[in-house]
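Asker: Sending over final39.cif (mmCIF, N, CA and C atoms).
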data_final
#
loop_
_atom_site.group_PDB
_atom_site.id
_atom_site.type_symbol
_atom_site.label_atom_id
_atom_site.label_comp_id
_atom_site.auth_asym_id
_atom_site.auth_seq_id
_atom_site.Cartn_x
_atom_site.Cartn_y
_atom_site.Cartn_z
ATOM 1 N N MET L 1422 -61.505 3.826 -21.326
ATOM 2 C CA MET L 1422 -60.510 3.378 -22.284
ATOM 3 C C MET L 1422 -61.056 3.642 -23.690
ATOM 4 N N LYS L 1423 -60.203 4.149 -24.559
ATOM 5 C CA LYS L 1423 -60.581 4.459 -25.939
ATOM 6 C C LYS L 1423 -59.928 3.460 -26.885
ATOM 7 N N ASN L 1424 -60.525 3.320 -28.066
ATOM 8 C CA ASN L 1424 -59.940 2.511 -29.137
ATOM 9 C C ASN L 1424 -59.376 3.458 -30.183
ATOM 10 N N TYR L 1425 -58.172 3.154 -30.641
ATOM 11 C CA TYR L 1425 -57.478 4.008 -31.600
ATOM 12 C C TYR L 1425 -57.122 3.242 -32.861
ATOM 13 N N LYS L 1426 -57.101 3.981 -33.969
ATOM 14 C CA LYS L 1426 -56.518 3.487 -35.216
ATOM 15 C C LYS L 1426 -55.409 4.467 -35.573
ATOM 16 N N VAL L 1427 -54.195 3.949 -35.670
ATOM 17 C CA VAL L 1427 -53.036 4.774 -35.985
ATOM 18 C C VAL L 1427 -52.544 4.382 -37.374
ATOM 19 N N SER L 1428 -52.553 5.319 -38.301
ATOM 20 C CA SER L 1428 -52.052 5.073 -39.658
ATOM 21 C C SER L 1428 -50.555 5.345 -39.677
ATOM 22 N N ILE L 1429 -49.800 4.373 -40.224
ATOM 23 C CA ILE L 1429 -48.339 4.405 -40.117
ATOM 24 C C ILE L 1429 -47.710 4.169 -41.483
ATOM 25 N N GLU L 1430 -46.845 5.056 -41.898
ATOM 26 C CA GLU L 1430 -46.064 4.866 -43.122
ATOM 27 C C GLU L 1430 -44.666 4.401 -42.740
ATOM 28 N N GLY L 1431 -44.083 3.588 -43.603
ATOM 29 C CA GLY L 1431 -42.711 3.148 -43.375
ATOM 30 C C GLY L 1431 -42.589 1.718 -42.899
ATOM 31 N N MET L 1432 -43.727 1.033 -42.716
ATOM 32 C CA MET L 1432 -43.668 -0.387 -42.350
ATOM 33 C C MET L 1432 -43.546 -1.200 -43.633
ATOM 34 N N HIS L 1433 -42.530 -2.077 -43.683
ATOM 35 C CA HIS L 1433 -42.280 -2.838 -44.903
ATOM 36 C C HIS L 1433 -42.290 -4.343 -44.706
ATOM 37 N N CYS L 1434 -42.205 -4.799 -43.453
ATOM 38 C CA CYS L 1434 -42.066 -6.239 -43.222
ATOM 39 C C CYS L 1434 -42.600 -6.605 -41.841
ATOM 40 N N GLU L 1435 -42.599 -7.899 -41.551
ATOM 41 C CA GLU L 1435 -43.074 -8.376 -40.256
ATOM 42 C C GLU L 1435 -42.225 -7.837 -39.101
ATOM 43 N N ASN L 1436 -40.941 -7.633 -39.342
ATOM 44 C CA ASN L 1436 -40.090 -7.059 -38.295
ATOM 45 C C ASN L 1436 -40.568 -5.652 -37.927
ATOM 46 N N CYS L 1437 -40.990 -4.892 -38.924
ATOM 47 C CA CYS L 1437 -41.525 -3.552 -38.654
ATOM 48 C C CYS L 1437 -42.766 -3.641 -37.774
ATOM 49 N N THR L 1438 -43.649 -4.595 -38.074
ATOM 50 C CA THR L 1438 -44.871 -4.721 -37.278
ATOM 51 C C THR L 1438 -44.542 -5.105 -35.842
ATOM 52 N N LYS L 1439 -43.528 -5.929 -35.664
ATOM 53 C CA LYS L 1439 -43.117 -6.316 -34.311
ATOM 54 C C LYS L 1439 -42.556 -5.121 -33.549
ATOM 55 N N ARG L 1440 -41.807 -4.271 -34.239
ATOM 56 C CA ARG L 1440 -41.256 -3.079 -33.591
ATOM 57 C C ARG L 1440 -42.370 -2.119 -33.176
ATOM 58 N N VAL L 1441 -43.361 -1.946 -34.062
ATOM 59 C CA VAL L 1441 -44.505 -1.087 -33.744
ATOM 60 C C VAL L 1441 -45.264 -1.649 -32.544
ATOM 61 N N ALA L 1442 -45.559 -2.944 -32.578
ATOM 62 C CA ALA L 1442 -46.285 -3.577 -31.473
ATOM 63 C C ALA L 1442 -45.508 -3.447 -30.168
ATOM 64 N N GLY L 1443 -44.200 -3.615 -30.226
ATOM 65 C CA GLY L 1443 -43.372 -3.496 -29.030
ATOM 66 C C GLY L 1443 -43.415 -2.098 -28.443
ATOM 67 N N ALA L 1444 -43.363 -1.089 -29.302
ATOM 68 C CA ALA L 1444 -43.410 0.298 -28.825
ATOM 69 C C ALA L 1444 -44.756 0.604 -28.177
ATOM 70 N N LEU L 1445 -45.831 0.094 -28.765
ATOM 71 C CA LEU L 1445 -47.158 0.329 -28.200
ATOM 72 C C LEU L 1445 -47.347 -0.447 -26.902
ATOM 73 N N ASP L 1446 -46.781 -1.642 -26.841
ATOM 74 C CA ASP L 1446 -46.828 -2.424 -25.599
ATOM 75 C C ASP L 1446 -46.121 -1.686 -24.465
ATOM 76 N N LYS L 1447 -45.005 -1.036 -24.781
ATOM 77 C CA LYS L 1447 -44.263 -0.285 -23.756
ATOM 78 C C LYS L 1447 -45.089 0.867 -23.187
ATOM 79 N N LEU L 1448 -45.995 1.404 -24.004
ATOM 80 C CA LEU L 1448 -46.889 2.456 -23.516
ATOM 81 C C LEU L 1448 -47.974 1.887 -22.604
ATOM 82 N N GLY L 1449 -48.140 0.572 -22.651
ATOM 83 C CA GLY L 1449 -49.197 -0.069 -21.871
ATOM 84 C C GLY L 1449 -50.470 -0.289 -22.659
ATOM 85 N N ALA L 1450 -50.384 -0.196 -23.986
ATOM 86 C CA ALA L 1450 -51.558 -0.378 -24.838
ATOM 87 C C ALA L 1450 -52.097 -1.801 -24.715
ATOM 88 N N LYS L 1451 -53.395 -1.918 -24.857
ATOM 89 C CA LYS L 1451 -54.080 -3.209 -24.809
ATOM 90 C C LYS L 1451 -54.612 -3.549 -26.198
ATOM 91 N N ASN L 1452 -54.812 -4.838 -26.439
ATOM 92 C CA ASN L 1452 -55.444 -5.315 -27.681
ATOM 93 C C ASN L 1452 -54.746 -4.779 -28.932
ATOM 94 N N VAL L 1453 -53.432 -4.774 -28.937
ATOM 95 C CA VAL L 1453 -52.665 -4.227 -30.060
ATOM 96 C C VAL L 1453 -52.705 -5.191 -31.243
ATOM 97 N N VAL L 1454 -53.133 -4.672 -32.397
ATOM 98 C CA VAL L 1454 -53.112 -5.420 -33.650
ATOM 99 C C VAL L 1454 -52.465 -4.512 -34.684
ATOM 100 N N VAL L 1455 -51.371 -4.975 -35.285
ATOM 101 C CA VAL L 1455 -50.677 -4.196 -36.311
ATOM 102 C C VAL L 1455 -50.922 -4.874 -37.649
ATOM 103 N N ASN L 1456 -51.436 -4.113 -38.619
ATOM 104 C CA ASN L 1456 -51.777 -4.651 -39.930
ATOM 105 C C ASN L 1456 -50.821 -4.066 -40.965
ATOM 106 N N LEU L 1457 -49.949 -4.917 -41.490
ATOM 107 C CA LEU L 1457 -48.953 -4.471 -42.463
ATOM 108 C C LEU L 1457 -49.606 -4.047 -43.776
ATOM 109 N N ASP L 1458 -50.606 -4.810 -44.244
ATOM 110 C CA ASP L 1458 -51.258 -4.502 -45.520
ATOM 111 C C ASP L 1458 -51.981 -3.156 -45.487
ATOM 112 N N GLU L 1459 -52.640 -2.869 -44.373
ATOM 113 C CA GLU L 1459 -53.379 -1.606 -44.255
ATOM 114 C C GLU L 1459 -52.538 -0.487 -43.660
ATOM 115 N N LYS L 1460 -51.302 -0.819 -43.267
ATOM 116 C CA LYS L 1460 -50.368 0.155 -42.697
ATOM 117 C C LYS L 1460 -50.984 0.909 -41.519
ATOM 118 N N CYS L 1461 -51.507 0.119 -40.555
ATOM 119 C CA CYS L 1461 -52.120 0.737 -39.388
ATOM 120 C C CYS L 1461 -51.975 -0.158 -38.165
ATOM 121 N N ALA L 1462 -52.246 0.439 -37.024
ATOM 122 C CA ALA L 1462 -52.286 -0.298 -35.761
ATOM 123 C C ALA L 1462 -53.593 0.045 -35.065
ATOM 124 N N LEU L 1463 -54.216 -0.972 -34.499
ATOM 125 C CA LEU L 1463 -55.412 -0.800 -33.689
ATOM 126 C C LEU L 1463 -55.034 -1.115 -32.253
ATOM 127 N N LEU L 1464 -55.502 -0.304 -31.315
ATOM 128 C CA LEU L 1464 -55.152 -0.525 -29.919
ATOM 129 C C LEU L 1464 -56.168 0.130 -29.008
ATOM 130 N N SER L 1465 -56.119 -0.248 -27.746
ATOM 131 C CA SER L 1465 -56.979 0.337 -26.722
ATOM 132 C C SER L 1465 -56.119 0.943 -25.628
ATOM 133 N N GLY L 1466 -56.614 2.027 -25.037
ATOM 134 C CA GLY L 1466 -55.904 2.675 -23.947
ATOM 135 C C GLY L 1466 -56.360 4.115 -23.810
ATOM 136 N N ASP L 1467 -55.649 4.875 -23.042
ATOM 137 C CA ASP L 1467 -55.925 6.304 -22.873
ATOM 138 C C ASP L 1467 -54.636 7.073 -23.126
ATOM 139 N N TYR L 1468 -54.520 7.616 -24.328
ATOM 140 C CA TYR L 1468 -53.287 8.286 -24.747
ATOM 141 C C TYR L 1468 -53.614 9.567 -25.484
ATOM 142 N N SER L 1469 -52.677 10.482 -25.481
ATOM 143 C CA SER L 1469 -52.799 11.643 -26.356
ATOM 144 C C SER L 1469 -52.256 11.241 -27.724
ATOM 145 N N GLN L 1470 -52.671 11.960 -28.741
ATOM 146 C CA GLN L 1470 -52.133 11.707 -30.080
ATOM 147 C C GLN L 1470 -50.624 11.878 -30.075
ATOM 148 N N GLU L 1471 -50.146 12.844 -29.311
ATOM 149 C CA GLU L 1471 -48.707 13.106 -29.241
ATOM 150 C C GLU L 1471 -47.949 11.907 -28.671
ATOM 151 N N ASP L 1472 -48.505 11.268 -27.629
ATOM 152 C CA ASP L 1472 -47.857 10.084 -27.050
ATOM 153 C C ASP L 1472 -47.707 8.982 -28.091
ATOM 154 N N LEU L 1473 -48.774 8.732 -28.835
ATOM 155 C CA LEU L 1473 -48.744 7.671 -29.846
ATOM 156 C C LEU L 1473 -47.775 8.023 -30.970
ATOM 157 N N ARG L 1474 -47.835 9.268 -31.431
ATOM 158 C CA ARG L 1474 -46.924 9.705 -32.501
ATOM 159 C C ARG L 1474 -45.463 9.575 -32.070
ATOM 160 N N ASN L 1475 -45.155 10.074 -30.889
ATOM 161 C CA ASN L 1475 -43.769 10.040 -30.415
ATOM 162 C C ASN L 1475 -43.239 8.626 -30.294
ATOM 163 N N ALA L 1476 -44.054 7.719 -29.776
ATOM 164 C CA ALA L 1476 -43.611 6.335 -29.590
ATOM 165 C C ALA L 1476 -43.212 5.694 -30.912
ATOM 166 N N LEU L 1477 -43.948 6.000 -31.976
ATOM 167 C CA LEU L 1477 -43.676 5.371 -33.271
ATOM 168 C C LEU L 1477 -42.683 6.168 -34.108
ATOM 169 N N GLU L 1478 -42.741 7.479 -34.032
ATOM 170 C CA GLU L 1478 -41.802 8.290 -34.805
ATOM 171 C C GLU L 1478 -40.385 8.161 -34.263
ATOM 172 N N ASP L 1479 -40.246 7.861 -32.969
ATOM 173 C CA ASP L 1479 -38.916 7.609 -32.405
ATOM 174 C C ASP L 1479 -38.269 6.381 -33.032
ATOM 175 N N LEU L 1480 -39.079 5.478 -33.593
ATOM 176 C CA LEU L 1480 -38.560 4.283 -34.272
ATOM 177 C C LEU L 1480 -38.289 4.537 -35.752
ATOM 178 N N GLY L 1481 -38.635 5.728 -36.244
ATOM 179 C CA GLY L 1481 -38.394 6.060 -37.639
ATOM 180 C C GLY L 1481 -39.604 5.906 -38.540
ATOM 181 N N PHE L 1482 -40.775 5.634 -37.967
ATOM 182 C CA PHE L 1482 -41.995 5.521 -38.764
ATOM 183 C C PHE L 1482 -42.691 6.871 -38.816
ATOM 184 N N ASP L 1483 -43.482 7.089 -39.864
ATOM 185 C CA ASP L 1483 -44.270 8.313 -39.991
ATOM 186 C C ASP L 1483 -45.710 8.006 -39.623
ATOM 187 N N VAL L 1484 -46.229 8.700 -38.631
ATOM 188 C CA VAL L 1484 -47.631 8.552 -38.248
ATOM 189 C C VAL L 1484 -48.416 9.582 -39.046
ATOM 190 N N THR L 1485 -49.318 9.102 -39.911
ATOM 191 C CA THR L 1485 -50.068 10.008 -40.778
ATOM 192 C C THR L 1485 -51.428 10.374 -40.210
ATOM 193 N N ALA L 1486 -51.946 9.571 -39.269
ATOM 194 C CA ALA L 1486 -53.235 9.882 -38.644
ATOM 195 C C ALA L 1486 -53.393 9.080 -37.363
ATOM 196 N N VAL L 1487 -54.076 9.689 -36.400
ATOM 197 C CA VAL L 1487 -54.480 8.996 -35.173
ATOM 198 C C VAL L 1487 -55.969 9.273 -35.011
ATOM 199 N N GLU L 1488 -56.770 8.209 -35.036
ATOM 200 C CA GLU L 1488 -58.219 8.350 -34.927
ATOM 201 C C GLU L 1488 -58.728 7.595 -33.706
ATOM 202 N N VAL L 1489 -59.710 8.171 -33.040
ATOM 203 C CA VAL L 1489 -60.442 7.441 -32.011
ATOM 204 C C VAL L 1489 -61.594 6.766 -32.736
ATOM 205 N N VAL L 1490 -61.675 5.442 -32.604
ATOM 206 C CA VAL L 1490 -62.703 4.678 -33.338
ATOM 207 C C VAL L 1490 -63.658 3.979 -32.397
#
Would you mind writing the file out in structure tokens?

Answerer:
Amino acid sequence: MKNYKVSIEGMHCENCTKRVAGALDKLGAKNVVVNLDEKCALLSGDYSQEDLRNALEDLGFDVTAVEVV
């Protein structure tokens, strides 16, 4: 299992963070933490960058980076 940091543009409120967390939960991500101030999500799992990007971009957010941390 890998740990990821996903940088996300377009989050403006707590509802946005809930939508991001929900999309990542649907992928089966573990330990999901969405930080509105830093505009990122931290999570654990085994995913391709494309899987993570698609899950969030389908909601209208822009994924600017996906890092394995």

Asker: Write out as an MDAnalysis selection string the set of residues from chain L that DSSP, computed on the backbone, places in helix (DSSP H, G or I).

Answerer: chainID L and resid 1435:1448 1470:1478

Asker: Measuring between only N, CA and C atoms, which one of L:Gly1466, L:Val1489, L:Glu1435, L:Glu1478 shows the shortest distance to Gly1449 in chain L?

Answerer: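 With only N, CA and C atoms as the atom set, the closest residue is L:Gly1466.
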
Asker: Work out how far apart atom N of Lys1447 in chain L and atom C of Val1487 in chain L are and give it in Å to one decimal.

Answerer: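 So the two atoms, atom N of Lys1447 in chain L and atom C of Val1487 in chain L, lie 18.2 Å apart.
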
Asker: Quick check on the file I pasted: which residues fall under the PyMOL selection byres (((chain L and resi 1465 and name CA) around 10) and name CA)? Write them as a list of chain:residue names.

Answerer: L:Met1422, L:Lys1423, L:Asn1424, L:Tyr1425, L:Lys1426, L:Leu1445, L:Gly1449, L:Ala1450, L:Lys1451, L:Asn1452, L:Val1453, L:Val1454, L:Leu1463, L:Leu1464, L:Gly1466, L:Asp1467, L:Tyr1468, L:Val1489, L:Val1490

Asker: On this file, the PyMOL selection byres (((chain L and resi 1432 and name CA) around 12) and name CA) gives some set of residues; write that set as a compact mmCIF listing (two decimals) with N, CA and C atoms, in the coordinates of the input.

Answerer:
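In the end it all went to selection11.txt:
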# COMPACT_ATOMS: atom_id res chain seq x y z
N SER L 1428 -52.55 5.32 -38.30
CA SER L 1428 -52.05 5.07 -39.66
C SER L 1428 -50.56 5.34 -39.68
N ILE L 1429 -49.80 4.37 -40.22
CA ILE L 1429 -48.34 4.40 -40.12
C ILE L 1429 -47.71 4.17 -41.48
N GLU L 1430 -46.84 5.06 -41.90
CA GLU L 1430 -46.06 4.87 -43.12
C GLU L 1430 -44.67 4.40 -42.74
N GLY L 1431 -44.08 3.59 -43.60
CA GLY L 1431 -42.71 3.15 -43.38
C GLY L 1431 -42.59 1.72 -42.90
N HIS L 1433 -42.53 -2.08 -43.68
CA HIS L 1433 -42.28 -2.84 -44.90
C HIS L 1433 -42.29 -4.34 -44.71
N CYS L 1434 -42.20 -4.80 -43.45
CA CYS L 1434 -42.07 -6.24 -43.22
C CYS L 1434 -42.60 -6.60 -41.84
N GLU L 1435 -42.60 -7.90 -41.55
CA GLU L 1435 -43.07 -8.38 -40.26
C GLU L 1435 -42.22 -7.84 -39.10
N ASN L 1436 -40.94 -7.63 -39.34
CA ASN L 1436 -40.09 -7.06 -38.30
C ASN L 1436 -40.57 -5.65 -37.93
N CYS L 1437 -40.99 -4.89 -38.92
CA CYS L 1437 -41.52 -3.55 -38.65
C CYS L 1437 -42.77 -3.64 -37.77
N THR L 1438 -43.65 -4.60 -38.07
CA THR L 1438 -44.87 -4.72 -37.28
C THR L 1438 -44.54 -5.11 -35.84
N LYS L 1439 -43.53 -5.93 -35.66
CA LYS L 1439 -43.12 -6.32 -34.31
C LYS L 1439 -42.56 -5.12 -33.55
N ARG L 1440 -41.81 -4.27 -34.24
CA ARG L 1440 -41.26 -3.08 -33.59
C ARG L 1440 -42.37 -2.12 -33.18
N VAL L 1441 -43.36 -1.95 -34.06
CA VAL L 1441 -44.50 -1.09 -33.74
C VAL L 1441 -45.26 -1.65 -32.54
N ALA L 1442 -45.56 -2.94 -32.58
CA ALA L 1442 -46.28 -3.58 -31.47
C ALA L 1442 -45.51 -3.45 -30.17
N VAL L 1455 -51.37 -4.97 -35.28
CA VAL L 1455 -50.68 -4.20 -36.31
C VAL L 1455 -50.92 -4.87 -37.65
N ASN L 1456 -51.44 -4.11 -38.62
CA ASN L 1456 -51.78 -4.65 -39.93
C ASN L 1456 -50.82 -4.07 -40.96
N LEU L 1457 -49.95 -4.92 -41.49
CA LEU L 1457 -48.95 -4.47 -42.46
C LEU L 1457 -49.61 -4.05 -43.78
N ASP L 1458 -50.61 -4.81 -44.24
CA ASP L 1458 -51.26 -4.50 -45.52
C ASP L 1458 -51.98 -3.16 -45.49
N GLU L 1459 -52.64 -2.87 -44.37
CA GLU L 1459 -53.38 -1.61 -44.26
C GLU L 1459 -52.54 -0.49 -43.66
N LYS L 1460 -51.30 -0.82 -43.27
CA LYS L 1460 -50.37 0.16 -42.70
C LYS L 1460 -50.98 0.91 -41.52
N CYS L 1461 -51.51 0.12 -40.56
CA CYS L 1461 -52.12 0.74 -39.39
C CYS L 1461 -51.98 -0.16 -38.16
N ALA L 1462 -52.25 0.44 -37.02
CA ALA L 1462 -52.29 -0.30 -35.76
C ALA L 1462 -53.59 0.04 -35.06
N LEU L 1477 -43.95 6.00 -31.98
CA LEU L 1477 -43.68 5.37 -33.27
C LEU L 1477 -42.68 6.17 -34.11
N GLU L 1478 -42.74 7.48 -34.03
CA GLU L 1478 -41.80 8.29 -34.80
C GLU L 1478 -40.38 8.16 -34.26
N LEU L 1480 -39.08 5.48 -33.59
CA LEU L 1480 -38.56 4.28 -34.27
C LEU L 1480 -38.29 4.54 -35.75
N GLY L 1481 -38.64 5.73 -36.24
CA GLY L 1481 -38.39 6.06 -37.64
C GLY L 1481 -39.60 5.91 -38.54
N PHE L 1482 -40.78 5.63 -37.97
CA PHE L 1482 -42.00 5.52 -38.76
C PHE L 1482 -42.69 6.87 -38.82
N ASP L 1483 -43.48 7.09 -39.86
CA ASP L 1483 -44.27 8.31 -39.99
C ASP L 1483 -45.71 8.01 -39.62
N VAL L 1484 -46.23 8.70 -38.63
CA VAL L 1484 -47.63 8.55 -38.25
C VAL L 1484 -48.42 9.58 -39.05

Asker: If DSSP is run on the backbone, what residues of chain L are strand (DSSP E or B)? A reply as a list of chain:residue names would be ideal.

Answerer: L:Lys1423, L:Asn1424, L:Tyr1425, L:Lys1426, L:Val1427, L:Ser1428, L:Ile1429, L:Glu1430, L:Lys1451, L:Asn1452, L:Val1453, L:Val1454, L:Val1455, L:Asn1456, L:Cys1461, L:Ala1462, L:Leu1463, L:Leu1464, L:Ser1465, L:Gly1466, L:Asp1483, L:Val1484, L:Thr1485, L:Ala1486, L:Val1487, L:Glu1488, L:Val1489

Asker: Taking the structure I provided as the source, export range 1423-1460 of chain L with C-alpha atoms, as a PDB file, in the first residue's frame.

Answerer:
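File produced: out-v9.pdb:
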ATOM      1  CA  LYS L1423       1.309   3.461  -0.920  1.00  0.00           C
ATOM      2  CA  ASN L1424       0.648   6.874   0.610  1.00  0.00           C
ATOM      3  CA  TYR L1425      -0.377   9.652  -1.757  1.00  0.00           C
ATOM      4  CA  LYS L1426      -0.644  13.419  -1.653  1.00  0.00           C
ATOM      5  CA  VAL L1427      -3.031  14.769  -4.269  1.00  0.00           C
ATOM      6  CA  SER L1428      -2.972  18.527  -4.920  1.00  0.00           C
ATOM      7  CA  ILE L1429      -6.432  19.787  -5.859  1.00  0.00           C
ATOM      8  CA  GLU L1430      -7.596  23.142  -7.203  1.00  0.00           C
ATOM      9  CA  GLY L1431     -11.212  24.217  -7.040  1.00  0.00           C
ATOM     10  CA  MET L1432     -12.037  23.319  -3.437  1.00  0.00           C
ATOM     11  CA  HIS L1433     -13.707  26.299  -1.768  1.00  0.00           C
ATOM     12  CA  CYS L1434     -15.659  24.988   1.218  1.00  0.00           C
ATOM     13  CA  GLU L1435     -16.293  22.069   3.554  1.00  0.00           C
ATOM     14  CA  ASN L1436     -18.828  20.653   1.094  1.00  0.00           C
ATOM     15  CA  CYS L1437     -16.043  20.416  -1.490  1.00  0.00           C
ATOM     16  CA  THR L1438     -13.862  18.492   0.958  1.00  0.00           C
ATOM     17  CA  LYS L1439     -16.721  16.089   1.649  1.00  0.00           C
ATOM     18  CA  ARG L1440     -17.203  15.493  -2.077  1.00  0.00           C
ATOM     19  CA  VAL L1441     -13.477  14.813  -2.528  1.00  0.00           C
ATOM     20  CA  ALA L1442     -13.420  12.445   0.458  1.00  0.00           C
ATOM     21  CA  GLY L1443     -16.504  10.648  -0.854  1.00  0.00           C
ATOM     22  CA  ALA L1444     -14.962  10.121  -4.287  1.00  0.00           C
ATOM     23  CA  LEU L1445     -11.768   8.746  -2.755  1.00  0.00           C
ATOM     24  CA  ASP L1446     -13.760   6.508  -0.414  1.00  0.00           C
ATOM     25  CA  LYS L1447     -15.561   5.052  -3.445  1.00  0.00           C
ATOM     26  CA  LEU L1448     -12.167   4.053  -4.841  1.00  0.00           C
ATOM     27  CA  GLY L1449     -11.520   2.191  -1.598  1.00  0.00           C
ATOM     28  CA  ALA L1450      -8.902   4.630  -0.304  1.00  0.00           C
ATOM     29  CA  LYS L1451      -7.834   4.327   3.321  1.00  0.00           C
ATOM     30  CA  ASN L1452      -6.856   7.028   5.829  1.00  0.00           C
ATOM     31  CA  VAL L1453      -8.347   9.822   3.701  1.00  0.00           C
ATOM     32  CA  VAL L1454      -7.649  13.334   5.003  1.00  0.00           C
ATOM     33  CA  VAL L1455      -8.719  16.322   2.898  1.00  0.00           C
ATOM     34  CA  ASN L1456      -7.135  19.666   3.802  1.00  0.00           C
ATOM     35  CA  LEU L1457      -9.004  22.698   2.482  1.00  0.00           C
ATOM     36  CA  ASP L1458      -6.303  25.212   3.500  1.00  0.00           C
ATOM     37  CA  GLU L1459      -3.518  23.303   1.744  1.00  0.00           C
ATOM     38  CA  LYS L1460      -5.807  22.248  -1.128  1.00  0.00           C
TER      39      LYS L1460
END
